[in-house]
file target_39.cif (mmCIF, C-alpha atoms)
data_structure
#
loop_
_atom_site.label_atom_id
_atom_site.label_comp_id
_atom_site.auth_asym_id
_atom_site.auth_seq_id
_atom_site.Cartn_x
_atom_site.Cartn_y
_atom_site.Cartn_z
CA MET A 238 16.66 13.59 -12.30
CA LYS A 239 13.69 11.49 -13.40
CA ALA A 240 11.52 8.96 -11.57
CA LEU A 241 10.43 5.45 -12.51
CA VAL A 242 7.35 4.21 -10.66
CA LEU A 243 6.46 0.52 -10.81
CA ALA A 244 2.73 -0.13 -10.96
CA GLY A 245 2.50 -3.27 -13.06
CA GLY A 246 2.25 -6.06 -10.49
CA SER A 247 -0.81 -8.30 -10.19
CA GLY A 248 -1.18 -8.07 -6.39
CA THR A 249 -1.83 -11.75 -5.72
CA ARG A 250 -1.56 -11.28 -1.94
CA LEU A 251 -4.48 -8.82 -1.99
CA ARG A 252 -6.91 -11.04 -3.85
CA PRO A 253 -9.88 -11.03 -4.30
CA ILE A 254 -9.66 -7.20 -4.18
CA THR A 255 -7.09 -7.19 -6.98
CA HIS A 256 -9.12 -9.46 -9.24
CA THR A 257 -11.02 -6.31 -10.23
CA SER A 258 -8.73 -3.45 -9.20
CA SER A 259 -5.09 -2.44 -9.31
CA LYS A 260 -3.31 -3.01 -5.98
CA GLN A 261 -1.64 0.40 -6.32
CA LEU A 262 -5.07 2.07 -6.39
CA VAL A 263 -6.45 0.47 -3.23
CA PRO A 264 -6.99 3.50 -0.97
CA VAL A 265 -5.59 4.07 2.50
CA ALA A 266 -7.10 6.99 4.41
CA ASN A 267 -9.34 7.37 1.34
CA LYS A 268 -6.45 8.00 -1.10
CA PRO A 269 -4.88 5.43 -3.47
CA ILE A 270 -1.53 4.21 -2.16
CA LEU A 271 0.07 5.10 -5.52
CA PHE A 272 -0.84 8.77 -5.04
CA TYR A 273 1.30 9.05 -1.89
CA GLY A 274 4.35 7.95 -3.88
CA LEU A 275 3.63 10.40 -6.70
CA GLU A 276 3.21 13.22 -4.18
CA ALA A 277 6.51 12.28 -2.52
CA ILE A 278 8.27 12.38 -5.90
CA ALA A 279 6.81 15.81 -6.68
CA GLU A 280 7.82 17.12 -3.24
CA ALA A 281 11.40 15.98 -3.97
CA GLY A 282 11.47 18.30 -6.97
CA ILE A 283 11.21 15.62 -9.67
CA THR A 284 8.73 16.29 -12.47
CA GLU A 285 9.42 13.74 -15.24
CA VAL A 286 7.94 10.38 -14.22
CA GLY A 287 7.63 7.10 -16.07
CA ILE A 288 5.04 4.65 -14.74
CA ILE A 289 5.48 0.96 -15.53
CA VAL A 290 2.02 -0.54 -16.11
CA GLY A 291 0.73 -4.02 -16.89
CA GLY A 292 -2.71 -5.59 -16.99
CA THR A 293 -4.32 -2.74 -15.04
CA ALA A 294 -2.85 -0.01 -17.25
CA GLU A 295 -6.21 1.43 -18.27
CA GLU A 296 -7.36 1.84 -14.66
CA ILE A 297 -4.09 3.45 -13.56
CA GLU A 298 -4.05 5.83 -16.52
CA ALA A 299 -7.65 6.85 -15.77
CA ALA A 300 -6.75 7.58 -12.13
CA VAL A 301 -3.43 9.38 -12.67
CA GLY A 302 -4.01 10.99 -16.05
CA ASP A 303 -1.19 13.10 -17.46
CA GLY A 304 0.13 13.82 -13.97
CA SER A 305 -0.76 17.51 -13.95
CA ALA A 306 -2.85 17.07 -10.78
CA PHE A 307 0.40 16.15 -9.00
CA GLY A 308 2.58 18.69 -10.80
CA LEU A 309 4.15 15.88 -12.82
CA ASP A 310 4.63 14.98 -16.48
CA ILE A 311 3.71 11.29 -16.77
CA THR A 312 4.87 8.81 -19.41
CA TYR A 313 3.31 5.31 -19.34
CA ILE A 314 5.55 2.33 -20.13
CA GLN A 315 3.88 -1.00 -20.87
CA GLN A 316 5.42 -4.15 -19.39
CA GLY A 317 3.97 -7.26 -21.03
CA GLU A 318 4.78 -9.51 -18.09
CA PRO A 319 6.06 -8.77 -14.56
CA LEU A 320 9.58 -10.08 -15.15
CA GLY A 321 11.33 -8.34 -12.28
CA LEU A 322 12.38 -4.88 -11.13
CA ALA A 323 15.54 -4.95 -13.22
CA HIS A 324 13.43 -5.82 -16.27
CA ALA A 325 11.39 -2.67 -15.62
CA VAL A 326 14.61 -0.63 -15.74
CA LEU A 327 15.61 -2.43 -18.93
CA ILE A 328 12.42 -1.58 -20.82
CA ALA A 329 12.36 1.99 -19.49
CA ARG A 330 15.75 2.91 -21.00
CA PRO A 331 14.23 4.97 -23.87
CA PHE A 332 12.42 7.12 -21.29
CA LEU A 333 15.27 7.31 -18.79
CA GLY A 334 18.03 8.04 -21.29
CA ASP A 335 21.27 8.93 -19.54
CA ASP A 336 19.63 10.73 -16.62
CA ASP A 337 19.93 9.82 -12.97
CA PHE A 338 16.63 8.52 -11.61
CA VAL A 339 14.79 7.34 -8.53
CA MET A 340 12.90 4.06 -8.79
CA TYR A 341 9.84 3.89 -6.53
CA LEU A 342 7.66 0.81 -6.04
CA GLY A 343 4.07 1.96 -6.42
CA ASP A 344 2.69 -0.20 -3.60
CA ASN A 345 5.26 0.97 -1.03
CA PHE A 346 4.69 3.69 1.52
CA VAL A 347 7.36 5.94 3.07
CA LEU A 348 5.68 8.12 5.67
CA ASP A 349 8.14 11.03 5.60
CA GLY A 350 8.68 11.02 1.84
CA ILE A 351 11.93 10.82 -0.09
CA THR A 352 13.04 14.46 -0.29
CA ASP A 353 15.96 14.05 2.13
CA VAL A 354 17.41 10.99 0.40
CA VAL A 355 17.04 12.57 -3.06
CA ASP A 356 18.78 15.73 -1.84
CA GLU A 357 21.55 13.58 -0.35
CA PHE A 358 22.00 11.72 -3.64
CA ARG A 359 22.15 14.95 -5.61
CA LYS A 360 24.74 16.41 -3.24
CA ASP A 361 27.02 13.39 -2.77
CA ARG A 362 26.35 11.48 -5.99
CA CYS A 363 27.37 7.81 -5.94
CA ASP A 364 26.69 5.10 -8.51
CA ALA A 365 23.60 3.80 -6.68
CA GLN A 366 21.88 4.39 -3.38
CA ILE A 367 19.22 2.24 -1.72
CA LEU A 368 16.86 2.71 1.21
CA LEU A 369 17.03 0.09 3.94
CA THR A 370 14.85 -0.61 6.93
CA ARG A 371 15.20 -3.01 9.85
CA VAL A 372 12.58 -5.78 9.83
CA PRO A 373 11.85 -8.66 12.21
CA ASP A 374 11.71 -11.26 9.40
CA PRO A 375 14.23 -10.46 6.64
CA THR A 376 13.54 -13.73 4.78
CA ALA A 377 10.62 -12.06 2.97
CA PHE A 378 12.75 -9.27 1.47
CA GLY A 379 15.91 -8.43 -0.37
CA VAL A 380 18.52 -8.13 2.38
CA ALA A 381 21.63 -5.93 2.40
CA VAL A 382 24.93 -6.27 4.21
CA ILE A 383 26.66 -2.92 4.82
CA ASP A 384 29.99 -1.81 6.25
CA ASP A 385 30.57 0.77 8.99
CA SER A 386 30.41 3.60 6.45
CA GLY A 387 27.02 2.54 5.05
CA ASN A 388 28.44 1.12 1.84
CA VAL A 389 26.59 -1.96 0.57
CA VAL A 390 28.95 -4.93 0.36
CA ASP A 391 26.44 -7.66 -0.52
CA LEU A 392 22.76 -8.30 -1.22
CA GLU A 393 20.57 -11.40 -1.17
CA GLU A 394 17.02 -11.88 -2.41
CA LYS A 395 14.74 -13.51 0.19
CA PRO A 396 17.57 -15.47 1.87
CA ARG A 397 16.82 -18.51 4.04
CA HIS A 398 19.56 -17.48 6.46
CA PRO A 399 19.81 -13.67 6.40
CA ARG A 400 23.14 -12.08 7.27
CA SER A 401 21.46 -8.90 8.51
CA ASP A 402 18.04 -7.53 9.40
CA LEU A 403 18.28 -4.72 6.84
CA ALA A 404 15.58 -5.13 4.20
CA VAL A 405 15.70 -3.24 0.93
CA ALA A 406 12.82 -0.77 0.97
CA GLY A 407 11.03 0.14 -2.23
CA VAL A 408 13.10 3.20 -3.17
CA TYR A 409 16.33 3.14 -5.22
CA LEU A 410 18.46 5.92 -6.72
CA PHE A 411 20.55 5.20 -9.79
CA THR A 412 23.01 6.71 -12.22
CA PRO A 413 23.17 5.41 -15.82
CA HIS A 414 25.58 2.67 -14.66
CA ILE A 415 22.49 0.63 -13.72
CA HIS A 416 21.69 0.15 -17.42
CA ASP A 417 24.93 -1.79 -17.89
CA ALA A 418 24.04 -3.88 -14.84
CA VAL A 419 20.54 -4.90 -15.96
CA ARG A 420 21.90 -5.96 -19.34
CA ALA A 421 24.67 -8.01 -17.73
CA ILE A 422 22.56 -10.18 -15.40
CA THR A 423 20.51 -13.27 -16.20
CA PRO A 424 17.08 -14.31 -14.86
CA SER A 425 16.90 -15.76 -11.37
CA PRO A 426 15.47 -19.25 -10.64
CA ARG A 427 12.02 -17.66 -10.46
CA GLY A 428 12.46 -16.32 -14.00
CA GLU A 429 12.90 -12.64 -13.13
CA LEU A 430 15.64 -10.08 -13.57
CA GLU A 431 16.32 -9.22 -9.94
CA ILE A 432 17.37 -5.70 -8.97
CA THR A 433 19.46 -7.23 -6.18
CA ASP A 434 21.50 -9.06 -8.84
CA ALA A 435 21.97 -5.79 -10.72
CA LEU A 436 23.13 -4.05 -7.56
CA ARG A 437 25.48 -6.92 -6.79
CA TRP A 438 26.94 -6.55 -10.30
CA LEU A 439 27.64 -2.88 -9.58
CA ILE A 440 29.43 -3.88 -6.36
CA GLU A 441 31.48 -6.49 -8.21
CA GLN A 442 32.55 -3.79 -10.68
CA GLN A 443 33.79 -1.80 -7.66
CA LEU A 444 31.20 0.91 -8.19
CA ALA A 445 29.89 2.76 -5.15
CA VAL A 446 26.56 1.51 -3.80
CA ARG A 447 25.56 3.38 -0.67
CA SER A 448 22.64 2.98 1.71
CA THR A 449 20.35 5.08 3.83
CA VAL A 450 18.67 3.36 6.76
CA ILE A 451 15.12 4.63 7.23
CA THR A 452 14.41 5.60 10.82
CA GLY A 453 10.79 6.53 10.09
CA TYR A 454 7.84 4.46 8.97
CA TRP A 455 7.92 2.28 5.83
CA LYS A 456 5.57 -0.44 4.62
CA ASP A 457 5.22 -2.71 1.63
CA THR A 458 1.42 -2.77 1.33
CA GLY A 459 1.33 -6.18 -0.32
CA ASN A 460 -1.22 -7.79 2.00
CA VAL A 461 -4.35 -6.87 3.95
CA ASN A 462 -2.65 -6.57 7.34
CA ASP A 463 -0.09 -4.12 5.96
CA MET A 464 -2.80 -2.08 4.23
CA LEU A 465 -4.71 -1.80 7.50
CA GLU A 466 -1.55 -0.81 9.36
CA VAL A 467 -0.70 1.94 6.86
CA ASN A 468 -4.31 3.12 7.03
CA ARG A 469 -4.06 3.32 10.83
CA THR A 470 -0.77 5.23 10.66
CA LEU A 471 -2.12 7.80 8.21
CA LEU A 472 -5.33 8.30 10.15
CA GLU A 473 -3.26 9.08 13.27
CA ARG A 474 -2.16 12.24 11.44
CA LEU A 475 -5.71 13.42 10.71
CA GLU A 476 -6.99 16.75 11.90
CA THR A 477 -10.64 16.90 12.97
CA ARG A 478 -12.77 18.32 10.17
CA ILE A 479 -16.55 18.13 9.89
CA ASP A 480 -17.73 19.20 6.43
CA GLY A 481 -20.82 16.95 6.35
CA HIS A 482 -23.99 16.99 8.47
CA VAL A 483 -23.94 15.42 11.94
CA ASP A 484 -27.22 15.43 13.86
CA GLU A 485 -27.58 16.20 17.58
CA ALA A 486 -28.14 12.54 18.45
CA SER A 487 -24.68 11.60 17.15
CA GLU A 488 -21.35 11.66 19.00
CA ILE A 489 -17.98 12.43 17.41
CA ILE A 490 -14.90 11.57 19.52
CA GLY A 491 -11.25 12.19 18.66
CA ARG A 492 -9.74 12.98 15.24
CA VAL A 493 -12.54 12.45 12.74
CA HIS A 494 -12.74 13.78 9.18
CA ILE A 495 -16.25 13.81 7.73
CA GLU A 496 -16.24 14.96 4.12
CA ALA A 497 -18.80 17.19 2.44
CA GLY A 498 -22.13 15.63 1.55
CA THR A 499 -21.90 13.00 4.29
CA VAL A 500 -24.83 12.54 6.71
CA VAL A 501 -24.40 11.06 10.19
CA ARG A 502 -27.56 10.19 12.12
CA ASN A 503 -27.84 8.80 15.65
CA SER A 504 -24.34 7.30 15.41
CA ARG A 505 -21.06 7.27 17.30
CA ILE A 506 -17.77 7.80 15.47
CA VAL A 507 -14.52 7.38 17.38
CA GLY A 508 -11.36 8.56 15.66
CA PRO A 509 -9.02 8.44 14.08
CA ALA A 510 -11.47 7.83 11.25
CA ILE A 511 -12.48 9.29 7.90
CA ILE A 512 -15.89 9.16 6.22
CA GLY A 513 -15.99 9.86 2.48
CA ALA A 514 -18.21 12.31 0.64
CA GLY A 515 -21.83 11.32 0.09
CA SER A 516 -21.87 8.50 2.64
CA VAL A 517 -24.73 8.00 5.09
CA ILE A 518 -24.08 6.62 8.58
CA THR A 519 -27.25 5.75 10.51
CA ASP A 520 -27.69 4.12 13.96
CA SER A 521 -24.12 2.83 13.75
CA TYR A 522 -20.71 2.78 15.41
CA ILE A 523 -17.55 3.57 13.44
CA GLY A 524 -14.49 2.79 15.55
CA PRO A 525 -10.84 3.88 15.46
CA SER A 526 -8.56 3.31 12.46
CA THR A 527 -11.44 3.05 10.00
CA SER A 528 -11.74 4.55 6.52
CA VAL A 529 -15.14 4.63 4.85
CA ALA A 530 -14.94 5.81 1.24
CA GLU A 531 -17.45 7.87 -0.70
CA ASN A 532 -21.11 6.98 -1.24
CA CYS A 533 -21.28 4.20 1.36
CA ARG A 534 -24.31 3.29 3.46
CA ILE A 535 -23.73 2.05 7.01
CA THR A 536 -26.97 1.23 8.85
CA ALA A 537 -27.30 -0.28 12.36
CA SER A 538 -23.79 -1.71 12.09
CA GLU A 539 -20.43 -1.64 13.88
CA ILE A 540 -17.12 -1.29 12.00
CA GLU A 541 -13.64 -0.83 13.45
CA PHE A 542 -10.01 -0.97 12.19
CA SER A 543 -11.16 -1.52 8.62
CA ILE A 544 -11.13 -0.07 5.11
CA VAL A 545 -14.44 0.16 3.24
CA LEU A 546 -14.22 1.15 -0.43
CA ARG A 547 -16.72 3.27 -2.32
CA ASP A 548 -20.40 2.46 -2.94
CA SER A 549 -20.51 -0.31 -0.34
CA SER A 550 -23.16 -0.88 2.32
CA PHE A 551 -23.65 -2.62 5.67
CA ASP A 552 -27.11 -3.26 7.05
CA ARG A 553 -27.56 -4.53 10.64
CA ILE A 554 -24.10 -6.13 10.83
CA ARG A 555 -22.34 -6.53 14.20
CA ARG A 556 -19.40 -6.61 14.41
CA VAL A 557 -16.81 -6.00 11.65
CA GLU A 558 -13.11 -5.45 12.37
CA ALA A 559 -9.69 -5.84 10.68
CA SER A 560 -11.40 -6.07 7.27
CA LEU A 561 -10.81 -4.78 3.74
CA ILE A 562 -14.10 -4.36 1.87
CA GLY A 563 -14.10 -3.81 -1.89
CA ARG A 564 -16.18 -1.50 -4.06
CA ASN A 565 -19.96 -1.81 -4.38
CA VAL A 566 -20.18 -4.56 -1.74
CA GLN A 567 -23.44 -5.26 0.08
CA VAL A 568 -23.26 -6.91 3.49
CA THR A 569 -26.64 -7.83 4.99
CA LEU A 570 -28.11 -10.30 7.43
CA ALA A 571 -29.03 -13.69 6.06
CA PRO A 572 -32.74 -14.51 6.35
CA ARG A 573 -33.54 -16.52 9.45
CA LEU A 574 -34.46 -20.06 8.50
CA PRO A 575 -37.61 -21.51 10.08
CA ALA A 576 -36.84 -24.03 12.82
CA ALA A 577 -38.93 -27.06 13.76
CA HIS A 578 -38.44 -29.90 16.23
CA ARG A 579 -39.86 -33.42 15.81
CA PHE A 580 -39.91 -35.76 18.82
CA VAL A 581 -40.79 -39.22 19.94
CA ILE A 582 -40.33 -38.96 23.73
CA GLY A 583 -41.01 -41.74 26.18
CA ASP A 584 -42.91 -41.50 29.42
CA HIS A 585 -41.47 -39.26 32.14
CA GLY A 586 -38.93 -37.78 29.68
CA ARG A 587 -37.24 -34.41 30.26
CA VAL A 588 -36.08 -32.36 27.23
CA GLN A 589 -34.34 -28.95 27.19
CA ILE A 590 -34.46 -26.91 24.00
CA PRO A 591 -32.19 -23.86 23.57
CA SER A 592 -34.15 -20.74 22.70
#
call {"tool": "encode", "arguments": {"input": "target_39.cif", "output": "structure tokens"}}
result
Amino acid sequence: MKALVLAGGSGTRLRPITHTSSKQLVPVANKPILFYGLEAIAEAGITEVGIIVGGTAEEIEAAVGDGSAFGLDITYIQQGEPLGLAHAVLIARPFLGDDDFVMYLGDNFVLDGITDVVDEFRKDRCDAQILLTRVPDPTAFGVAVIDDSGNVVDLEEKPRHPRSDLAVAGVYLFTPHIHDAVRAITPSPRGELEITDALRWLIEQQLAVRSTVITGYWKDTGNVNDMLEVNRTLLERLETRIDGHVDEASEIIGRVHIEAGTVVRNSRIVGPAIIGAGSVITDSYIGPSTSVAENCRITASEIEFSIVLRDSSFDRIRRVEASLIGRNVQVTLAPRLPAAHRFVIGDHGRVQIPS
């Protein structure tokens, strides 16, 4: 079995961060979201991986390399335009050949990995298998209708009136039958080859499309709120580890990971939180669910439930929360403008001026 990882999207919902960086490389708990998917694929025993890349190809290739760091053999597949998930399968055919494969969306996060579902697919091989998860608002997702045995009987892409609350998560398992499906469908009204249309074609051909409903944690990290939520979830699994220097005037509470080369002076850090290598925290408060990447400077500031990327600094800022801060950002106080009052006040007047 091979794997196809999609990392070619533009990440419009994460702008302005994605104006200068790939959305799949935005870190949660100080690790790019894409890396969690690659690790899950390796843990499932898959070694041959094709990564679909677009405009951020150079950045992704620099971060992932040949895949050896993950125990993988990586092949990069260029997609000129993001024309849909089924289009990615179409252009990846030379790499995929006639092998079964798992397709994994590079900006999705499955907390407990995919080993169980891959093992299930290998054991009881069907024509296609998809992961589903229950969501409060199915209108934002592909939605599946299943029978009592878990077979998929219909799918809709972002329906106005969903027939179920089962959203298609970002993991699919396919046999070579999917190649016939992606060639048979036509672009949707939004100009893309939809994977839901390809799956529906398989169903219409009376091929077996099964489902697995995720009972654990899954997120599509397409916006800031979801990124922060995944960050919080991962930090909850942290073990306390202090590899940097923390002076006696500082207080560390809860699960806090301070990486080597970090200096903490006269500060309070309340976990779960992680502070990246080479950062300096001085006279500050770092609150729960916060990731500070490497080489940051936090001085006389308060940050909570946020992600701060590398080489960024805060100086005398109170208070920051629920924020995603890009690389090499400087946040400082604005200079105080001089204030002057000019009056013409009549006799016996009374004037109050706020301080």
call {"tool": "residues_near_point", "arguments": {"input": "target_39.cif", "point": "(-0.7, 6.3, -6.9)", "cutoff": "9 Å", "atoms": "all atoms listed in the file", "output": "PyMOL selection string"}}
result
chain A and resi 244+261-263+268-276+297+300-301+343-344
call {"tool": "resolve_selection", "arguments": {"input": "target_39.cif", "expression": "the PyMOL selection byres ((chain A and resi 531) around 9)", "output": "list in words"}}
result
Asn267, Glu496, Thr499, Ile512, Gly513, Ala514, Gly515, Ser516, Val529, Ala530, Asn532, Cys533, Leu546, Arg547, Asp548 and Ser549 of chain A
call {"tool": "resolve_selection", "arguments": {"input": "target_39.cif", "expression": "the PyMOL selection byres ((chain A and resi 394) around 12)", "output": "count of residues only"}}
result
33
call {"tool": "closest_residue", "arguments": {"input": "target_39.cif", "among": "A:Ile535, A:Gly302, A:Val419, A:Thr293", "to": "Gln315 (chain A)", "atoms": "all atoms listed in the file"}}
result
A:Thr293
call {"tool": "atom_distance", "arguments": {"input": "target_39.cif", "atom1": "CA of Ala365 (chain A)", "atom2": "CA of Thr412 (chain A)"}}
result
6.3 Å
call {"tool": "atom_distance", "arguments": {"input": "target_39.cif", "atom1": "CA of Gln589 (chain A)", "atom2": "CA of Ala571 (chain A)"}}
result
26.6 Å
call {"tool": "atom_distance", "arguments": {"input": "target_39.cif", "atom1": "CA of Ala486 (chain A)", "atom2": "CA of Gly524 (chain A)"}}
result
17.0 Å
call {"tool": "residues_around", "arguments": {"input": "target_39.cif", "residues": "Pro509 (chain A)", "least_positions_apart": "3", "cutoff": "7 Å", "atoms": "all atoms listed in the file", "output": "ChimeraX atom specification"}}
result
/A:472-473,475,491-493,525-526
call {"tool": "closest_residue", "arguments": {"input": "target_39.cif", "among": "A:Val507, A:Ile518, A:Val581, A:Val588", "to": "Phe551 (chain A)", "atoms": "all atoms listed in the file"}}
result
A:Ile518
call {"tool": "closest_residue", "arguments": {"input": "target_39.cif", "among": "A:Glu285, A:Asp402, A:Asp303, A:Glu318", "to": "Leu369 (chain A)", "atoms": "all atoms listed in the file"}}
result
A:Asp402
call {"tool": "resolve_selection", "arguments": {"input": "target_39.cif", "expression": "the PyMOL selection byres ((chain A and resi 449-458) around 9)", "output": "NGL selection string"}}
result
:A and (260-261 or 270 or 342 or 344-349 or 354 or 366-371 or 387 or 403 or 406-407 or 447-448 or 459-467 or 470)
call {"tool": "write_last_selection", "arguments": {"input": "target_39.cif", "atoms": "C-alpha atoms", "output": "mmCIF file, in the frame of the given file"}}
result
data_model
loop_
_atom_site.group_PDB
_atom_site.id
_atom_site.type_symbol
_atom_site.label_atom_id
_atom_site.label_comp_id
_atom_site.auth_asym_id
_atom_site.auth_seq_id
_atom_site.Cartn_x
_atom_site.Cartn_y
_atom_site.Cartn_z
ATOM 1 C CA LYS A 260 -3.310 -3.010 -5.980
ATOM 2 C CA GLN A 261 -1.640 0.400 -6.320
ATOM 3 C CA ILE A 270 -1.530 4.210 -2.160
ATOM 4 C CA LEU A 342 7.660 0.810 -6.040
ATOM 5 C CA ASP A 344 2.690 -0.200 -3.600
ATOM 6 C CA ASN A 345 5.260 0.970 -1.030
ATOM 7 C CA PHE A 346 4.690 3.690 1.520
ATOM 8 C CA VAL A 347 7.360 5.940 3.070
ATOM 9 C CA LEU A 348 5.680 8.120 5.670
ATOM 10 C CA ASP A 349 8.140 11.030 5.600
ATOM 11 C CA VAL A 354 17.410 10.990 0.400
ATOM 12 C CA GLN A 366 21.880 4.390 -3.380
ATOM 13 C CA ILE A 367 19.220 2.240 -1.720
ATOM 14 C CA LEU A 368 16.860 2.710 1.210
ATOM 15 C CA LEU A 369 17.030 0.090 3.940
ATOM 16 C CA THR A 370 14.850 -0.610 6.930
ATOM 17 C CA ARG A 371 15.200 -3.010 9.850
ATOM 18 C CA GLY A 387 27.020 2.540 5.050
ATOM 19 C CA LEU A 403 18.280 -4.720 6.840
ATOM 20 C CA ALA A 406 12.820 -0.770 0.970
ATOM 21 C CA GLY A 407 11.030 0.140 -2.230
ATOM 22 C CA ARG A 447 25.560 3.380 -0.670
ATOM 23 C CA SER A 448 22.640 2.980 1.710
ATOM 24 C CA GLY A 459 1.330 -6.180 -0.320
ATOM 25 C CA ASN A 460 -1.220 -7.790 2.000
ATOM 26 C CA VAL A 461 -4.350 -6.870 3.950
ATOM 27 C CA ASN A 462 -2.650 -6.570 7.340
ATOM 28 C CA ASP A 463 -0.090 -4.120 5.960
ATOM 29 C CA MET A 464 -2.800 -2.080 4.230
ATOM 30 C CA LEU A 465 -4.710 -1.800 7.500
ATOM 31 C CA GLU A 466 -1.550 -0.810 9.360
ATOM 32 C CA VAL A 467 -0.700 1.940 6.860
ATOM 33 C CA THR A 470 -0.770 5.230 10.660
#
call {"tool": "residues_near_point", "arguments": {"input": "target_39.cif", "point": "(22.0, 6.0, -17.4)", "cutoff": "10 Å", "atoms": "only C-alpha atoms", "output": "list in words"}}
result
Arg330, Leu333, Gly334, Asp335, Asp336, Asp337, Phe338, Phe411, Thr412, Pro413, His414, Ile415, His416 and Asp417 of chain A
call {"tool": "axis_aligned_box", "arguments": {"input": "target_39.cif", "around": "region 481-485 of chain A", "padding_each_side": "8 Å", "output": "JSON"}}
result
{"center_x": -24.2, "center_y": 16.2, "center_z": 12.0, "size_x": 22.8, "size_y": 17.6, "size_z": 27.2}
call {"tool": "closest_residue", "arguments": {"input": "target_39.cif", "among": "A:Ile506, A:Leu444, A:Leu309, A:Val390", "to": "Ile489 (chain A)", "atoms": "only C-alpha atoms"}}
result
A:Ile506
call {"tool": "closest_residue", "arguments": {"input": "target_39.cif", "among": "A:Ile422, A:Ile479, A:Leu570, A:Ser560", "to": "Ala537 (chain A)", "atoms": "all atoms listed in the file"}}
result
A:Leu570
call {"tool": "closest_residue", "arguments": {"input": "target_39.cif", "among": "A:Ala277, A:Leu241, A:Ile590, A:Val483", "to": "Leu327 (chain A)", "atoms": "all atoms listed in the file"}}
result
A:Leu241
call {"tool": "residues_around", "arguments": {"input": "target_39.cif", "residues": "region 552-554 of chain A", "least_positions_apart": "3", "cutoff": "10 Å", "atoms": "only C-alpha atoms", "output": "list in words"}}
result
Thr519, Asp520, Ser521, Arg534, Ile535, Thr536, Ala537, Ser538, Glu539, Ile540, Val557, Gln567, Val568, Thr569 and Leu570 of chain A
